[in-house]
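S.K.: My file is run34.cif. It has mmCIF, C-alpha atoms and all ligand atoms:
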```
data_structure
loop_
_atom_site.label_atom_id
_atom_site.label_comp_id
_atom_site.auth_asym_id
_atom_site.auth_seq_id
_atom_site.Cartn_x
_atom_site.Cartn_y
_atom_site.Cartn_z
CA MET N 1 -22.55 -75.71 107.95
CA TYR N 2 -20.34 -76.93 110.79
CA LEU N 3 -23.42 -77.73 112.89
CA HIS N 4 -24.47 -80.32 110.31
CA GLU N 5 -21.32 -82.37 110.85
CA ALA N 6 -22.76 -83.90 114.05
CA PRO N 7 -26.06 -83.89 115.97
CA ILE N 8 -26.47 -80.91 118.29
CA ASP N 9 -27.82 -83.12 121.12
CA GLU N 10 -25.66 -85.96 122.30
CA LYS N 11 -28.60 -88.35 122.12
CA PRO N 12 -30.89 -87.04 119.37
CA ILE N 13 -34.55 -88.07 119.32
CA CYS N 14 -36.32 -88.97 116.05
CA LEU N 15 -37.75 -85.83 114.48
CA GLN N 16 -41.14 -87.46 113.78
CA ALA N 17 -43.63 -85.81 116.15
CA ASN N 18 -45.03 -89.00 117.69
CA CYS N 19 -41.85 -91.06 117.76
CA LYS N 20 -39.70 -91.36 120.87
CA GLU N 21 -36.96 -93.53 119.32
CA ALA N 22 -33.36 -92.37 119.11
CA GLY N 23 -32.61 -90.51 115.87
CA ALA N 24 -29.58 -91.83 114.03
CA TYR N 25 -30.12 -90.98 110.35
CA ASP N 26 -29.67 -87.63 108.66
CA CYS N 27 -30.89 -87.07 105.11
CA VAL N 28 -28.63 -84.89 102.96
CA ASP N 29 -31.46 -84.12 100.51
CA CYS N 30 -34.31 -83.39 102.94
CA ASP N 31 -34.32 -79.92 104.47
CA ALA N 32 -35.15 -81.43 107.85
CA PRO N 33 -33.77 -80.04 111.10
CA GLY N 34 -32.76 -83.26 112.82
CA TYR N 35 -32.35 -87.02 112.70
CA TRP N 36 -34.76 -89.90 112.04
CA CYS N 37 -34.99 -93.36 113.49
CA ARG N 38 -34.73 -96.12 110.86
CA GLU N 39 -38.49 -96.89 110.63
CA CYS N 40 -39.56 -93.24 110.32
CA LEU N 41 -36.78 -92.56 107.81
CA ILE N 42 -38.01 -95.33 105.51
CA GLU N 43 -41.65 -94.34 105.97
CA ASP N 44 -40.91 -90.71 105.05
CA HIS N 45 -38.84 -91.72 102.00
CA GLN N 46 -41.24 -94.11 100.28
CA TYR N 47 -41.47 -91.79 97.29
CA LEU N 48 -37.95 -90.37 97.68
CA PRO N 49 -35.75 -93.43 97.13
CA PHE N 50 -32.76 -91.43 95.84
CA HIS N 51 -32.12 -89.38 98.93
CA ARG N 52 -28.63 -89.72 100.36
CA ILE N 53 -28.51 -90.80 103.99
CA ASN N 54 -25.82 -90.37 106.64
CA ALA N 55 -25.87 -92.61 109.71
CA TRP N 56 -24.59 -91.31 113.05
CA ASP N 57 -22.63 -93.98 114.93
CA GLY N 58 -21.99 -91.89 118.06
CA ASN N 59 -18.69 -90.61 116.74
CA SER N 60 -19.02 -89.77 113.06
CA LEU N 61 -21.45 -89.70 110.13
CA ARG N 62 -21.18 -92.54 107.60
CA HIS N 63 -22.82 -92.83 104.14
CA VAL N 64 -25.52 -95.49 103.95
CA ASN N 65 -28.21 -95.98 101.34
CA LEU N 66 -31.88 -96.66 101.83
CA LYS N 67 -31.55 -100.15 100.36
CA GLU N 68 -29.05 -101.13 103.09
CA LEU N 69 -31.55 -99.88 105.66
CA GLY N 70 -34.19 -102.25 104.26
CA MET N 71 -36.14 -100.07 101.87
CA THR N 72 -37.84 -101.72 98.88
CA VAL N 73 -39.59 -99.79 96.12
CA SER N 74 -42.92 -101.42 95.37
CA PHE N 75 -44.93 -101.23 92.16
CA GLY N 76 -48.56 -101.67 91.29
CA HIS N 77 -50.07 -101.88 94.79
CA GLU N 78 -49.64 -98.29 96.06
CA LEU N 79 -47.11 -98.67 98.85
CA GLY N 80 -47.88 -102.33 99.52
CA LEU N 81 -45.90 -105.24 98.11
CA CYS N 82 -47.26 -107.36 95.27
CA PRO N 83 -48.50 -110.76 96.57
CA HIS N 84 -46.70 -112.39 93.60
CA MET N 85 -43.48 -110.46 94.16
CA ALA N 86 -41.54 -113.56 95.19
CA THR N 87 -42.03 -115.35 91.84
CA GLU N 88 -39.23 -115.15 89.24
CA GLY N 89 -36.50 -114.58 91.81
CA GLY N 90 -38.14 -112.01 94.09
CA PRO N 91 -37.06 -108.38 94.38
CA GLN N 92 -34.17 -107.22 92.20
CA ASP N 93 -31.53 -104.55 92.61
CA ILE N 94 -31.28 -102.09 89.76
CA THR N 95 -29.03 -99.09 89.18
CA ILE N 96 -30.73 -95.72 88.85
CA LEU N 97 -29.15 -92.37 88.01
CA ASP N 98 -30.80 -89.35 89.59
CA VAL N 99 -29.69 -85.76 90.23
CA THR N 100 -28.40 -86.93 93.63
CA GLY N 101 -26.05 -89.52 92.09
CA ILE N 102 -26.03 -93.20 91.16
CA HIS N 103 -28.10 -95.48 93.38
CA SER N 104 -28.69 -99.17 93.80
CA VAL N 105 -32.39 -99.58 94.53
CA ARG N 106 -34.28 -102.77 95.44
CA MET N 107 -37.34 -103.20 93.24
CA ALA N 108 -40.34 -105.29 94.21
CA TRP N 109 -41.94 -105.64 90.75
CA CYS N 110 -45.65 -106.24 90.43
CA ARG N 111 -45.90 -109.74 88.97
CA CYS N 112 -49.66 -110.12 88.86
CA ALA N 113 -51.03 -111.76 85.69
CA ALA N 114 -52.12 -108.46 84.09
CA ALA N 115 -49.13 -106.47 85.36
CA PRO N 116 -47.35 -104.08 82.99
CA THR N 117 -43.82 -104.96 81.88
CA GLN N 118 -40.90 -103.98 84.11
CA ALA N 119 -40.02 -101.14 81.71
CA GLU N 120 -43.60 -99.82 81.89
CA GLN N 121 -43.51 -100.00 85.69
CA LEU N 122 -40.33 -97.89 85.64
CA PHE N 123 -41.88 -95.35 83.26
CA GLU N 124 -44.81 -95.06 85.66
CA ARG N 125 -42.42 -93.74 88.30
CA LYS N 126 -40.76 -91.32 85.78
CA TRP N 127 -37.67 -93.47 85.37
CA PHE N 128 -36.44 -94.11 81.83
CA PRO N 129 -35.20 -97.72 81.49
CA ALA N 130 -31.95 -98.26 79.58
CA THR N 131 -33.45 -101.32 77.90
CA LEU N 132 -37.05 -102.38 77.45
CA GLN N 133 -36.41 -106.07 78.12
CA ARG N 134 -35.57 -106.90 81.75
CA PRO N 135 -34.09 -103.47 82.55
CA ARG N 136 -31.33 -103.32 85.17
CA THR N 137 -30.46 -99.65 84.70
CA ALA N 138 -32.70 -96.60 84.56
CA ILE N 139 -32.30 -92.82 84.45
CA SER N 140 -34.76 -90.47 86.12
CA PHE N 141 -36.64 -87.95 83.96
CA ARG N 142 -35.31 -85.22 86.28
CA VAL N 143 -31.70 -85.94 85.46
CA LEU N 144 -32.40 -86.28 81.72
CA LYS N 145 -34.06 -82.88 81.65
CA LEU N 146 -31.18 -81.37 83.63
CA PHE N 147 -28.60 -82.81 81.25
CA HIS N 148 -30.56 -81.70 78.18
CA LEU N 149 -30.43 -78.09 79.40
CA LEU N 150 -26.80 -78.32 80.52
CA ASN N 151 -25.89 -79.69 77.11
CA HIS N 152 -27.51 -76.74 75.33
CA VAL N 153 -26.62 -73.95 77.74
CA ALA N 154 -23.28 -74.98 79.23
CA ARG N 155 -22.09 -77.34 76.44
CA THR N 156 -21.76 -80.21 78.92
CA ASN N 157 -21.18 -83.52 77.14
CA PRO N 158 -22.35 -86.96 78.35
CA TRP N 159 -18.83 -88.03 79.34
CA ASP N 160 -18.30 -85.03 81.65
CA PHE N 161 -21.81 -85.31 83.05
CA ALA N 162 -21.47 -89.04 83.80
CA GLY N 163 -18.06 -88.40 85.39
CA THR N 164 -19.59 -85.69 87.57
CA MET N 165 -22.36 -88.06 88.66
CA HIS N 166 -19.77 -90.71 89.55
CA ARG N 167 -17.96 -88.17 91.69
CA LEU N 168 -21.17 -86.91 93.23
CA THR N 169 -21.81 -90.51 94.33
CA ASP N 170 -18.29 -91.17 95.62
CA ASN N 171 -15.72 -88.41 95.32
CA VAL N 172 -12.99 -90.46 97.03
CA CYS N 173 -13.10 -93.47 94.75
CA PRO N 174 -15.32 -92.63 91.73
CA THR N 175 -14.16 -95.74 89.85
CA SER N 176 -15.81 -97.94 92.47
CA VAL N 177 -19.25 -96.64 91.41
CA THR N 178 -21.25 -98.59 88.78
CA ASP N 179 -20.28 -97.15 85.40
CA ILE N 180 -23.30 -95.29 84.04
CA TYR N 181 -21.70 -93.67 80.97
CA LYS N 182 -22.83 -96.02 78.21
CA PRO N 183 -26.48 -96.44 79.26
CA PHE N 184 -26.69 -92.73 79.98
CA LYS N 185 -25.31 -91.85 76.55
CA HIS N 186 -27.93 -94.01 74.84
CA VAL N 187 -30.87 -92.96 77.00
CA GLN N 188 -30.22 -89.23 76.70
CA ARG N 189 -30.38 -89.56 72.89
CA GLN N 190 -33.69 -91.40 73.13
CA TRP N 191 -34.97 -88.79 75.58
CA ARG N 192 -34.41 -85.98 73.06
CA VAL N 193 -36.27 -87.84 70.35
CA VAL N 194 -39.21 -88.75 72.56
CA ARG N 195 -39.41 -85.15 73.81
CA ALA N 196 -39.46 -83.94 70.20
CA TRP N 197 -42.20 -86.44 69.35
CA LYS N 198 -44.22 -85.19 72.29
CA ARG N 199 -43.75 -81.56 71.31
CA GLY N 200 -44.55 -82.35 67.69
CA GLY N 201 -47.80 -84.08 68.64
CA VAL N 202 -46.63 -87.49 67.44
CA ARG N 203 -48.91 -90.18 68.88
CA ASP N 204 -47.53 -93.08 66.87
CA PRO N 205 -43.88 -92.77 65.80
CA ALA N 206 -44.39 -95.53 63.22
CA LEU N 207 -46.73 -93.34 61.15
CA PRO N 208 -45.18 -91.19 58.38
CA ARG N 209 -44.35 -87.56 59.17
CA LEU N 210 -43.49 -84.46 57.12
CA ASN N 211 -39.76 -83.91 56.68
CA GLY N 212 -38.46 -81.40 59.24
CA SER N 213 -41.73 -81.50 61.19
CA LEU N 214 -40.02 -82.02 64.57
CA ALA N 215 -37.66 -79.05 64.26
CA MET N 216 -38.42 -75.66 65.77
CA TRP N 217 -38.93 -72.77 63.37
CA CYS N 218 -37.26 -69.44 64.07
CA VAL N 219 -39.62 -67.34 66.18
CA SER N 220 -38.43 -63.99 64.86
CA CYS N 221 -38.92 -64.75 61.16
CA PRO N 222 -42.16 -63.11 59.99
CA ILE N 223 -44.97 -65.57 59.25
CA PRO N 224 -48.29 -64.08 58.12
CA GLY N 225 -51.13 -65.29 60.31
CA VAL N 226 -48.75 -66.39 63.06
CA ASN N 227 -46.63 -63.51 64.32
CA LEU N 228 -47.59 -60.54 62.12
CA ASP N 229 -50.17 -57.87 62.82
CA PRO N 230 -53.16 -57.62 60.48
CA GLY N 231 -52.37 -55.16 57.68
CA TRP N 232 -48.64 -55.73 57.96
CA GLN N 233 -48.22 -55.01 54.24
CA GLN N 234 -49.20 -51.36 54.85
CA HIS N 235 -46.22 -50.68 57.11
CA PRO N 236 -43.89 -48.15 55.39
CA ASP N 237 -40.81 -50.28 56.16
CA SER N 238 -42.52 -53.57 55.43
CA ASP N 239 -39.83 -54.61 52.93
CA LEU N 240 -37.21 -54.42 55.64
CA ILE N 241 -39.17 -55.60 58.65
CA HIS N 242 -41.11 -58.40 57.02
CA THR N 243 -38.27 -60.01 55.14
CA VAL N 244 -36.75 -63.37 55.94
CA PHE N 245 -32.96 -63.10 55.89
CA ILE N 246 -31.40 -66.44 55.08
CA GLY N 247 -27.71 -67.11 55.67
CA VAL N 248 -25.73 -70.18 54.63
CA ASP N 249 -22.33 -71.05 56.00
CA GLY N 250 -20.09 -74.08 56.31
CA ASN N 251 -18.31 -75.46 59.32
CA PHE N 252 -15.30 -77.52 58.30
CA ARG N 253 -14.54 -78.53 61.88
CA LEU N 254 -17.65 -80.66 62.21
CA ARG N 255 -15.96 -83.65 60.61
CA ARG N 256 -17.02 -87.10 61.53
CA HIS N 257 -14.51 -89.89 61.79
CA ASN N 258 -15.57 -93.34 60.76
CA LYS N 259 -16.17 -94.91 64.15
CA GLY N 260 -18.02 -98.18 64.42
CA GLY N 261 -20.40 -99.43 61.77
CA GLY N 262 -21.73 -96.07 60.55
CA GLU N 263 -25.41 -95.39 59.91
CA LYS N 264 -26.32 -99.08 59.83
CA ALA N 265 -25.00 -99.82 63.33
CA ASP N 266 -25.77 -96.41 64.84
CA PRO N 267 -28.68 -94.91 62.91
CA SER N 268 -29.85 -91.34 63.31
CA LEU N 269 -32.87 -91.31 65.61
CA PHE N 270 -34.29 -88.13 64.07
CA GLY N 271 -33.73 -89.17 60.46
CA ASN N 272 -35.43 -86.64 58.14
CA ASP N 273 -37.64 -85.26 60.92
CA ALA N 274 -35.46 -82.40 62.08
CA TYR N 275 -32.52 -80.28 60.94
CA TYR N 276 -30.90 -82.40 58.23
CA ALA N 277 -32.08 -82.11 54.63
CA PRO N 278 -34.09 -85.19 53.57
CA HIS N 279 -31.52 -87.90 53.08
CA PRO N 280 -32.87 -89.56 49.88
CA ASP N 281 -33.10 -86.16 48.10
CA TYR N 282 -29.61 -85.12 49.08
CA LYS N 283 -28.19 -88.51 48.20
CA MET N 284 -29.81 -88.27 44.76
CA PHE N 285 -28.42 -84.74 44.29
CA CYS N 286 -24.91 -85.93 45.17
CA ARG N 287 -25.20 -88.82 42.73
CA VAL N 288 -26.46 -86.67 39.83
CA ARG N 289 -24.84 -83.31 40.40
CA GLY N 290 -22.36 -83.84 43.27
CA GLY N 291 -19.21 -84.21 41.19
CA ALA N 292 -20.02 -81.48 38.61
CA PRO N 293 -17.88 -78.33 38.70
CA ASP N 294 -19.44 -75.18 40.09
CA ASP N 295 -20.19 -72.34 37.72
CA MET N 296 -17.42 -69.87 38.56
CA ALA N 297 -17.85 -67.62 35.50
CA ASP N 298 -19.42 -64.65 37.28
CA MET N 299 -17.25 -64.82 40.33
CA THR N 300 -15.07 -61.76 40.69
CA CYS N 301 -13.30 -62.75 43.89
CA ARG N 302 -10.61 -65.32 43.20
CA MET N 303 -9.61 -65.61 46.85
CA VAL N 304 -12.63 -67.64 47.93
CA LYS N 305 -11.36 -70.87 49.41
CA ALA N 306 -14.55 -72.52 50.43
CA GLY N 307 -14.90 -74.57 47.24
CA GLU N 308 -11.28 -75.62 46.94
CA PRO N 309 -10.59 -79.29 46.44
CA GLN N 310 -8.17 -79.27 49.40
CA ARG N 311 -11.22 -78.96 51.55
CA ARG N 312 -12.61 -82.25 50.37
CA THR N 313 -12.24 -85.35 52.48
CA VAL N 314 -8.57 -86.26 52.53
CA ASN N 315 -8.97 -89.23 54.82
CA ALA N 316 -10.87 -92.30 53.72
CA ASN N 317 -11.84 -92.88 57.34
CA ARG N 318 -13.77 -89.65 57.43
CA PRO N 319 -17.29 -89.97 55.98
CA THR N 320 -18.02 -86.25 56.26
CA ASN N 321 -15.78 -83.26 55.91
CA GLY N 322 -17.95 -80.74 57.73
CA ASN N 323 -21.46 -79.32 57.66
CA LEU N 324 -23.21 -76.69 55.62
CA SER N 325 -26.13 -75.02 57.38
CA ASN N 326 -28.80 -72.54 56.55
CA SER N 327 -29.84 -70.23 59.36
CA CYS N 328 -31.80 -67.08 60.08
CA VAL N 329 -29.49 -64.08 59.83
CA ARG N 330 -31.70 -62.13 62.22
CA SER N 331 -31.61 -64.53 65.16
CA GLY N 332 -29.08 -67.24 64.25
CA ALA N 333 -31.67 -70.03 64.53
CA PHE N 334 -30.91 -73.04 62.36
CA ALA N 335 -33.57 -73.86 59.82
CA PRO N 336 -35.42 -77.18 59.70
CA LYS N 337 -34.07 -79.41 56.90
CA GLY N 338 -31.30 -76.81 56.56
CA THR N 339 -28.12 -78.82 57.15
CA VAL N 340 -26.17 -81.21 54.94
CA ASP N 341 -22.84 -83.01 55.20
CA ILE N 342 -20.18 -81.45 52.99
CA ILE N 343 -18.88 -83.74 50.32
CA LEU N 344 -16.71 -81.47 48.15
CA GLY N 345 -16.20 -78.14 49.89
CA GLU N 346 -18.70 -75.33 50.32
CA ARG N 347 -20.14 -75.41 46.83
CA TYR N 348 -22.92 -73.38 45.25
CA GLY N 349 -24.76 -76.49 44.16
CA VAL N 350 -25.13 -77.71 47.72
CA ILE N 351 -26.24 -74.28 48.88
CA PHE N 352 -29.08 -74.46 46.35
CA VAL N 353 -30.21 -77.72 47.92
CA LEU N 354 -30.49 -75.94 51.26
CA LEU N 355 -32.25 -72.93 49.79
CA ARG N 356 -34.74 -75.18 48.05
CA GLU N 357 -35.54 -76.95 51.31
CA ARG N 358 -35.96 -73.58 53.00
CA LEU N 359 -38.23 -72.13 50.36
CA ILE N 360 -40.53 -75.13 50.19
CA GLY N 361 -40.69 -75.25 53.99
CA ARG N 362 -43.98 -75.37 55.83
CA GLN N 363 -43.51 -71.80 57.01
CA PHE N 364 -43.89 -70.42 53.50
CA CYS N 365 -46.67 -72.74 52.43
CA GLN N 366 -48.94 -71.19 55.07
CA CYS N 367 -48.72 -67.74 53.50
ZN ZN T 1 -34.70 -87.23 102.46
ZN ZN T 2 -39.01 -92.36 114.47
ZN ZN T 3 -49.02 -107.28 91.66
ZN ZN T 4 -35.52 -65.86 61.94
#
```
Show how you would write the structure in this file as structure tokens.
M.R.:
Amino acid sequence: MYLHEAPIDEKPICLQANCKEAGAYDCVDCDAPGYWCRECLIEDHQYLPFHRINAWDGNSLRHVNLKELGMTVSFGHELGLCPHMATEGGPQDITILDVTGIHSVRMAWCRCAAAPTQAEQLFERKWFPATLQRPRTAISFRVLKLFHLLNHVARTNPWDFAGTMHRLTDNVCPTSVTDIYKPFKHVQRQWRVVRAWKRGGVRDPALPRLNGSLAMWCVSCPIPGVNLDPGWQQHPDSDLIHTVFIGVDGNFRLRRHNKGGGEKADPSLFGNDAYYAPHPDYKMFCRVRGGAPDDMADMTCRMVKAGEPQRRTVNANRPTNGNLSNSCVRSGAFAPKGTVDIILGERYGVIFVLLRERLIGRQFCQC
């Protein structure tokens, strides 16, 4: 590790085999044993524009980026520049977030008559633009996939992740780095939806889909014809093994405060496609049956608190008071269309809505 703090030779030679120039640039992200000259460095990084470079000035290593060294990312003409690149203001600098940090990259767009839009040119290189019209920020697919997994496995939230990326870029003065938080927050939400569309075989998102069709079914629940052996009914313990165990429970901590303009200003991107019960049905239920008292006649336990009115929304600025979810008791997997917002405590009536959605689910229709 210490050996990487300075070149071993006093006057290093470029590590490219046929180059005799002095080597002055070390790449943090290439596993290369030496230094490059400027020309060879740029040539070897044509498809690696987010590598972090250190320049040796004879005394110390200093951070530089490939843009400062003259690198331009070209589109549409392999590695050559578009002959119409200079129109509309010439190359442009855009901010890109990658696993190596936040980078300012000079883009030489293809501006030929039949050229794709700038957003499409970014998608071609696996960079997700923050906006489709004249994008100036993009996030690499690599970093979106990494965050998606970190979010599920390590519970990392976008704020912490963006802060980490700021520090990865400049740990001395992270506030001097272009703030990536807001575009990242928006793009990572879109990424999840597009990934779910892809997995669900959606070719045209504008076409109608079955409710819950983008959610993943529990893999351990028995489904005849999918994960059961032929003749499964003959198994002596079939009643136990081939039974779906459904659990319903509420979480009163998942409240949502009324921030911003609500659903109109910040609509759900999944809508009725995934884990929430179909909104029109649930809304209708709440209107017709939502305020009716639960039937408590057969209840022997008087200590149950879940349905108490104290658990209802006490703050007008809180549109939901928690969630009620239906999950597989065997594996803990949440069921598609199996979650609703709690309006008036954990009531039997709402649980029936969830059970209904579960029982009419696609999984059972295939039997
Ligand atoms: Zn490199
Ligand atoms: Zn060289
Ligand atoms: Zn062109
Ligand atoms: Zn299950």
S.K.: Tell me, as a PDB file with C-alpha atoms, in the coordinates of the input, which residues lie within 8 Å of range 187-189 of chain N, counting only C-alpha atoms; anything in the same chain fewer than 6 positions away does not count.
M.R.:
```pdb
ATOM      1  CA  PHE N 128     -36.440 -94.110  81.830  1.00  0.00           C
ATOM      2  CA  PRO N 129     -35.200 -97.720  81.490  1.00  0.00           C
ATOM      3  CA  ALA N 130     -31.950 -98.260  79.580  1.00  0.00           C
ATOM      4  CA  ILE N 139     -32.300 -92.820  84.450  1.00  0.00           C
ATOM      5  CA  LEU N 144     -32.400 -86.280  81.720  1.00  0.00           C
ATOM      6  CA  HIS N 148     -30.560 -81.700  78.180  1.00  0.00           C
ATOM      7  CA  LEU N 269     -32.870 -91.310  65.610  1.00  0.00           C
TER       8      LEU N 269
END
```
S.K.: Which residues are near ligand ZN 1 (chain T) in this structure, taking near to mean any atom at most 7 Å from a ligand atom and counting only C-alpha atoms and all ligand atoms? Format them as a PyMOL selection string.
M.R.: chain N and resi 27-30+45+48+51-52
S.K.: Which is closer to Leu359 in chain N than all the others in N:Gly338, N:Gly262, N:Pro280, N:Pro224, using all atoms listed in the file?
M.R.: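 The closest residue to Leu359 in chain N is N:Gly338.
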S.K.: If we count only C-alpha atoms, what is near Tyr25 in chain N at a cut-off of 10 Å, once residues fewer than 4 positions away on the same chain are taken out, given as a PyMOL selection string?
M.R.: chain N and resi 7+12+14+34-38+40-41+53-57+61-64
S.K.: Could you report the residues within 7 Å of ligand ZN 4 (chain T), using all atoms listed in the file, as an NGL selection string?
M.R.: :N and (218-221 or 244 or 328-333)
S.K.: Counting all atoms listed in the file, name the residues that have an atom within 12 Å of an atom of ligand ZN 3 (chain T); the answer should be given as JSON, numbers by chain.
M.R.: {"N": [74, 75, 76, 77, 78, 79, 80, 81, 82, 83, 84, 85, 86, 87, 108, 109, 110, 111, 112, 113, 114, 115, 116, 117, 118, 121]}
S.K.: If you measure from CA of Ser140 in chain N to CA of Thr178 in chain N, what distance in Å do you get, rounded to one decimal?
M.R.: 16.0 Å
S.K.: Between CA of Asn151 in chain N and CA of Gly247 in chain N, what is the distance, to one decimal in Å?
M.R.: 24.9 Å
S.K.: To one decimal place, how far is CA of Val248 in chain N from CA of Pro222 in chain N in Å?
M.R.: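 These atoms are spaced 18.7 Å apart.
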S.K.: Measuring between only C-alpha atoms, which one of N:Ala274, N:Pro230, N:Ala22, N:Asn258 shows the shortest distance to Gly200 in chain N?
M.R.: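 That would be N:Ala274, the residue with the smallest distance to Gly200 in chain N.
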S.K.: Which of these residues is nearest to Leu214 in chain N, using all atoms listed in the file: N:Lys337, N:Trp127, N:Gln133, N:Asp281?
M.R.: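 Ranking N:Lys337, N:Trp127, N:Gln133, N:Asp281 by distance to Leu214 in chain N, first place goes to N:Lys337.
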S.K.: Would you list the contacts of Ala119 in chain N as a list of chain:residue names, taking every protein, DNA or RNA residue within 7 Å and counting only C-alpha atoms, but skipping same-chain residues closer than 4 positions in sequence?
M.R.: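 Neighbouring residues, sequence-local ones excluded: N:Phe123, N:Pro129, N:Leu132, N:Pro135.
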S.K.: Counting only C-alpha atoms, I want the residues whose atoms come within 12 Å of (-20.0, -97.8, 85.1) in the file frame, returned as a list in words.
M.R.: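 Residues lying no farther than 12 Å from the given point: Thr95, Ile96, Leu97, Ile102, His103, Thr137, Trp159, Ala162, Gly163, Met165, His166, Arg167, Thr169, Pro174, Thr175, Ser176, Val177, Thr178, Asp179, Ile180, Tyr181, Lys182, Pro183, Phe184 and Lys185 of chain N.
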S.K.: Output C-alpha atoms for every residue in that selection, as a PDB file, in the coordinates of the input.
M.R.:
```pdb
ATOM      1  CA  THR N  95     -29.030 -99.090  89.180  1.00  0.00           C
ATOM      2  CA  ILE N  96     -30.730 -95.720  88.850  1.00  0.00           C
ATOM      3  CA  LEU N  97     -29.150 -92.370  88.010  1.00  0.00           C
ATOM      4  CA  ILE N 102     -26.030 -93.200  91.160  1.00  0.00           C
ATOM      5  CA  HIS N 103     -28.100 -95.480  93.380  1.00  0.00           C
ATOM      6  CA  THR N 137     -30.460 -99.650  84.700  1.00  0.00           C
ATOM      7  CA  TRP N 159     -18.830 -88.030  79.340  1.00  0.00           C
ATOM      8  CA  ALA N 162     -21.470 -89.040  83.800  1.00  0.00           C
ATOM      9  CA  GLY N 163     -18.060 -88.400  85.390  1.00  0.00           C
ATOM     10  CA  MET N 165     -22.360 -88.060  88.660  1.00  0.00           C
ATOM     11  CA  HIS N 166     -19.770 -90.710  89.550  1.00  0.00           C
ATOM     12  CA  ARG N 167     -17.960 -88.170  91.690  1.00  0.00           C
ATOM     13  CA  THR N 169     -21.810 -90.510  94.330  1.00  0.00           C
ATOM     14  CA  PRO N 174     -15.320 -92.630  91.730  1.00  0.00           C
ATOM     15  CA  THR N 175     -14.160 -95.740  89.850  1.00  0.00           C
ATOM     16  CA  SER N 176     -15.810 -97.940  92.470  1.00  0.00           C
ATOM     17  CA  VAL N 177     -19.250 -96.640  91.410  1.00  0.00           C
ATOM     18  CA  THR N 178     -21.250 -98.590  88.780  1.00  0.00           C
ATOM     19  CA  ASP N 179     -20.280 -97.150  85.400  1.00  0.00           C
ATOM     20  CA  ILE N 180     -23.300 -95.290  84.040  1.00  0.00           C
ATOM     21  CA  TYR N 181     -21.700 -93.670  80.970  1.00  0.00           C
ATOM     22  CA  LYS N 182     -22.830 -96.020  78.210  1.00  0.00           C
ATOM     23  CA  PRO N 183     -26.480 -96.440  79.260  1.00  0.00           C
ATOM     24  CA  PHE N 184     -26.690 -92.730  79.980  1.00  0.00           C
ATOM     25  CA  LYS N 185     -25.310 -91.850  76.550  1.00  0.00           C
TER      26      LYS N 185
END
```
S.K.: Find the residue from N:Leu15, N:Val105, N:Ala265, N:Met1 that sits nearest to ligand ZN 2 (chain T); use all atoms listed in the file when measuring.
M.R.: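 Checking each candidate against ligand ZN 2 (chain T), we get N:Leu15 as the closest.
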S.K.: Compare N:Asn18, N:Ser238, N:Thr156, N:Ser325 by their minimum atom-to-atom distance to ligand ZN 2 (chain T), counting only C-alpha atoms and all ligand atoms, and give me the closest one.
M.R.: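 Of all the options, N:Asn18 lies closest to ligand ZN 2 (chain T).
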S.K.: Using all atoms listed in the file, what residues lie at most 12 Å away from (-33.2, -110.9, 98.5) (file coordinates), given as number ranges by chain?
M.R.: N: 67-68, 70-72, 85-93, 106-108
